[in-house]
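J.: This is work_7.pdb (PDB, C-alpha atoms, pLDDT in the B column).
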MODEL        1
ATOM      1  CA  ALA E  73       7.928 -15.356 -42.154  1.00 88.00           C
ATOM      2  CA  PRO E  74       5.949 -12.267 -43.159  1.00 94.00           C
ATOM      3  CA  LYS E  75       6.429  -9.305 -40.829  1.00 95.00           C
ATOM      4  CA  ASP E  76       3.271  -7.417 -41.753  1.00 97.00           C
ATOM      5  CA  THR E  77       0.372  -7.602 -39.301  1.00 97.00           C
ATOM      6  CA  ALA E  78      -2.088  -7.581 -42.214  1.00 98.00           C
ATOM      7  CA  PHE E  79      -0.827 -11.003 -43.328  1.00 98.00           C
ATOM      8  CA  TYR E  80      -1.874 -12.543 -39.992  1.00 97.00           C
ATOM      9  CA  ARG E  81      -5.112 -10.578 -39.504  1.00 98.00           C
ATOM     10  CA  PRO E  82      -7.478 -13.185 -41.045  1.00 98.00           C
ATOM     11  CA  TYR E  83      -6.037 -15.926 -38.840  1.00 97.00           C
ATOM     12  CA  ILE E  84      -6.024 -13.864 -35.651  1.00 97.00           C
ATOM     13  CA  ASP E  85      -9.568 -12.703 -36.471  1.00 98.00           C
ATOM     14  CA  VAL E  86     -10.749 -16.328 -36.301  1.00 98.00           C
ATOM     15  CA  VAL E  87      -9.291 -16.802 -32.816  1.00 96.00           C
ATOM     16  CA  TRP E  88     -10.320 -13.377 -31.517  1.00 97.00           C
ATOM     17  CA  ASN E  89     -13.861 -13.682 -32.865  1.00 97.00           C
ATOM     18  CA  ALA E  90     -14.228 -17.183 -31.421  1.00 97.00           C
ATOM     19  CA  PHE E  91     -13.143 -16.187 -27.911  1.00 96.00           C
ATOM     20  CA  GLY E  92     -13.926 -12.462 -27.783  1.00 96.00           C
ATOM     21  CA  ASP E  93     -12.294  -9.477 -26.120  1.00 96.00           C
ATOM     22  CA  GLU E  94     -12.858 -10.920 -22.654  1.00 95.00           C
ATOM     23  CA  ARG E  95     -11.063 -14.256 -23.159  1.00 96.00           C
ATOM     24  CA  VAL E  96      -8.055 -13.710 -25.441  1.00 97.00           C
ATOM     25  CA  ILE E  97      -4.743 -13.442 -23.540  1.00 96.00           C
ATOM     26  CA  TYR E  98      -1.306 -12.397 -24.766  1.00 94.00           C
ATOM     27  CA  GLY E  99       1.276 -15.143 -24.688  1.00 90.00           C
ATOM     28  CA  SER E 100       4.375 -16.070 -26.582  1.00 87.00           C
ATOM     29  CA  ASN E 101       6.074 -19.199 -27.773  1.00 89.00           C
ATOM     30  CA  TRP E 102       9.562 -17.852 -27.167  1.00 88.00           C
ATOM     31  CA  PRO E 103      12.232 -19.144 -27.710  1.00 91.00           C
ATOM     32  CA  VAL E 104      10.669 -21.556 -30.221  1.00 94.00           C
ATOM     33  CA  SER E 105       9.208 -18.579 -32.086  1.00 92.00           C
ATOM     34  CA  ASP E 106      12.737 -17.366 -32.839  1.00 92.00           C
ATOM     35  CA  ASN E 107      12.655 -19.894 -35.699  1.00 92.00           C
ATOM     36  CA  ALA E 108      10.038 -17.706 -37.429  1.00 90.00           C
ATOM     37  CA  ALA E 109      11.001 -14.167 -36.383  1.00 93.00           C
ATOM     38  CA  ASP E 110      12.642 -12.253 -33.577  1.00 95.00           C
ATOM     39  CA  TYR E 111      10.647 -11.625 -30.400  1.00 94.00           C
ATOM     40  CA  GLU E 112      10.288  -7.899 -31.118  1.00 95.00           C
ATOM     41  CA  THR E 113       8.609  -8.591 -34.463  1.00 96.00           C
ATOM     42  CA  LEU E 114       6.230 -11.166 -33.021  1.00 94.00           C
ATOM     43  CA  GLN E 115       5.261  -8.910 -30.128  1.00 95.00           C
ATOM     44  CA  ARG E 116       4.736  -5.967 -32.506  1.00 97.00           C
ATOM     45  CA  ILE E 117       2.383  -8.039 -34.660  1.00 97.00           C
ATOM     46  CA  ALA E 118       0.348  -9.167 -31.635  1.00 96.00           C
ATOM     47  CA  LEU E 119       0.131  -5.691 -30.137  1.00 97.00           C
ATOM     48  CA  GLU E 120      -0.659  -3.947 -33.424  1.00 98.00           C
ATOM     49  CA  TYR E 121      -3.515  -6.359 -33.896  1.00 98.00           C
ATOM     50  CA  ALA E 122      -4.795  -5.857 -30.346  1.00 98.00           C
ATOM     51  CA  MET E 123      -4.551  -2.075 -30.648  1.00 98.00           C
ATOM     52  CA  SER E 124      -6.643  -2.214 -33.810  1.00 97.00           C
ATOM     53  CA  ARG E 125      -9.402  -3.709 -31.641  1.00 97.00           C
ATOM     54  CA  GLY E 126      -9.343  -0.667 -29.340  1.00 97.00           C
ATOM     55  CA  VAL E 127      -7.887   0.499 -26.046  1.00 98.00           C
ATOM     56  CA  GLU E 128     -10.140  -1.613 -23.828  1.00 97.00           C
ATOM     57  CA  ALA E 129      -9.560  -4.774 -25.875  1.00 98.00           C
ATOM     58  CA  THR E 130      -5.801  -4.182 -25.700  1.00 97.00           C
ATOM     59  CA  ARG E 131      -5.913  -3.680 -21.920  1.00 97.00           C
ATOM     60  CA  ARG E 132      -7.839  -6.912 -21.520  1.00 97.00           C
ATOM     61  CA  PHE E 133      -5.530  -8.807 -23.906  1.00 97.00           C
ATOM     62  CA  CYS E 134      -2.369  -7.632 -22.135  1.00 95.00           C
ATOM     63  CA  SER E 135      -3.523  -7.694 -18.537  1.00 93.00           C
ATOM     64  CA  THR E 136      -6.979  -8.087 -17.118  1.00 94.00           C
ATOM     65  CA  ASN E 137      -8.036 -11.258 -18.975  1.00 96.00           C
ATOM     66  CA  SER E 138      -5.142 -13.106 -17.382  1.00 93.00           C
ATOM     67  CA  GLN E 139      -6.159 -11.767 -13.970  1.00 92.00           C
ATOM     68  CA  THR E 140      -9.572 -13.323 -14.467  1.00 92.00           C
ATOM     69  CA  ALA E 141      -8.334 -16.596 -15.975  1.00 92.00           C
ATOM     70  CA  TYR E 142      -5.567 -17.211 -13.453  1.00 91.00           C
ATOM     71  CA  ARG E 143      -7.273 -15.495 -10.514  1.00 90.00           C
ATOM     72  CA  TRP E 144      -4.312 -13.263  -9.683  1.00 86.00           C
ATOM     73  CA  ARG E 145      -4.548  -9.717  -8.417  1.00 77.00           C
ATOM     74  CA  GLN E 146      -2.036  -6.938  -8.211  1.00 68.00           C
ATOM     75  CA  SER E 147      -1.127  -5.800  -4.713  1.00 62.00           C
TER
ENDMDL
END
What does the file become when written as structure tokens?

T.:
Amino acid sequence: APKDTAFYRPYIDVVWNAFGDERVIYGSNWPVSDNAADYETLQRIALEYAMSRGVEATRRFCSTNSQTAYRWRQS
């Protein structure tokens, strides 16, 4: 599988633009994803994409959107 974030950008754009910064949540398909690439590569691609959307979008993607969706709070 390609390891360059740019390859996946058009596909991720569709999802991100459909749901927006406030509804996209980081998740993985590990260990099934090991068939395509190692976990480090897949996480790098996801995070590079998120970071290209900005600091706030990345924070939401990695943390606060899941707090809202799953109604969990840090102690």

J.: Each residue of stretch 73-102 of chain E lying at most 12 Å from stretch 113-116 of chain E should get a row with its shortest atom-to-atom pair and the distance in Å to one decimal, counting all atoms listed in the file; could you produce that, ordered by chain and increasing number, as a tab-separated table?

T.:
residue	atom	partner	partner_atom	distance
E:Ala73	CA	E:Leu114	CA	10.2
E:Pro74	CA	E:Thr113	CA	9.8
E:Lys75	CA	E:Thr113	CA	6.8
E:Asp76	CA	E:Thr113	CA	9.1
E:Thr77	CA	E:Arg116	CA	8.2
E:Ala78	CA	E:Arg116	CA	12.0
E:Tyr80	CA	E:Leu114	CA	10.8
E:Tyr98	CA	E:Gln115	CA	9.2
E:Gly99	CA	E:Gln115	CA	9.2
E:Ser100	CA	E:Gln115	CA	8.0
E:Asn101	CA	E:Leu114	CA	9.6
E:Trp102	CA	E:Leu114	CA	9.5

J.: Please compute the atom CA of E:Asp85-atom CA of E:Ala109 distance, one decimal, in Å.

T.: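 Straight-line distance from atom CA of E:Asp85 to atom CA of E:Ala109 works out to 20.6 Å.
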
J.: I'd like the interatomic distance between atom CA of E:Gly126 and atom CA of E:Asp106, to a tenth of an Å.

T.: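 Rounded to one decimal, the two atoms are 27.9 Å apart.
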
J.: Which is closest to E:Arg131 among E:Phe79, E:Ala108, E:Arg95, E:Ala90, if we use only C-alpha atoms?

T.: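 Ranked by minimum distance to E:Arg131, first place goes to E:Arg95.
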
J.: As an exercise, work out the distance from atom CA of E:Cys134 to atom CA of E:Ile97 in Å and give it to one decimal place.

T.: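 Separation of atom CA of E:Cys134 and atom CA of E:Ile97: 6.4 Å.
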
J.: Using all atoms listed in the file, can you tell me which of E:Val104, E:Val96, E:Tyr111, E:Leu119 comes closest to E:Asn137?

T.: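 Result for the nearest residue to E:Asn137: E:Val96.
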
J.: For this structure, which residues satisfy the selection - the PyMOL selection byres ((chain E and resi 92) around 12) - when it is evaluated on the file as given? I want them as a list in words.

T.: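 On the file shown, the PyMOL selection byres ((chain E and resi 92) around 12) covers Ile84, Asp85, Val86, Val87, Trp88, Asn89, Ala90, Phe91, Asp93, Glu94, Arg95, Val96, Ile97, Ala122, Arg125, Ala129, Thr130, Arg132, Phe133 and Asn137 of chain E.
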
J.: Keeping only C-alpha atoms, take the residues you just selected and write them out as an mmCIF file, in the frame of the given file.

T.:
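Saved to again34.cif:
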data_model
loop_
_atom_site.group_PDB
_atom_site.id
_atom_site.type_symbol
_atom_site.label_atom_id
_atom_site.label_comp_id
_atom_site.auth_asym_id
_atom_site.auth_seq_id
_atom_site.Cartn_x
_atom_site.Cartn_y
_atom_site.Cartn_z
ATOM 1 C CA ILE E 84 -6.024 -13.864 -35.651
ATOM 2 C CA ASP E 85 -9.568 -12.703 -36.471
ATOM 3 C CA VAL E 86 -10.749 -16.328 -36.301
ATOM 4 C CA VAL E 87 -9.291 -16.802 -32.816
ATOM 5 C CA TRP E 88 -10.320 -13.377 -31.517
ATOM 6 C CA ASN E 89 -13.861 -13.682 -32.865
ATOM 7 C CA ALA E 90 -14.228 -17.183 -31.421
ATOM 8 C CA PHE E 91 -13.143 -16.187 -27.911
ATOM 9 C CA ASP E 93 -12.294 -9.477 -26.120
ATOM 10 C CA GLU E 94 -12.858 -10.920 -22.654
ATOM 11 C CA ARG E 95 -11.063 -14.256 -23.159
ATOM 12 C CA VAL E 96 -8.055 -13.710 -25.441
ATOM 13 C CA ILE E 97 -4.743 -13.442 -23.540
ATOM 14 C CA ALA E 122 -4.795 -5.857 -30.346
ATOM 15 C CA ARG E 125 -9.402 -3.709 -31.641
ATOM 16 C CA ALA E 129 -9.560 -4.774 -25.875
ATOM 17 C CA THR E 130 -5.801 -4.182 -25.700
ATOM 18 C CA ARG E 132 -7.839 -6.912 -21.520
ATOM 19 C CA PHE E 133 -5.530 -8.807 -23.906
ATOM 20 C CA ASN E 137 -8.036 -11.258 -18.975
#

J.: Enclose all atoms of stretch 102-107 of chain E listed in the file in an axis-aligned box, grow every side by 3 Å, and hand back centre and edge lengths in Å to one decimal, as AutoDock Vina command-line options.

T.:
--center_x 11.0 --center_y -19.5 --center_z -31.4 --size_x 9.5 --size_y 10.2 --size_z 14.5
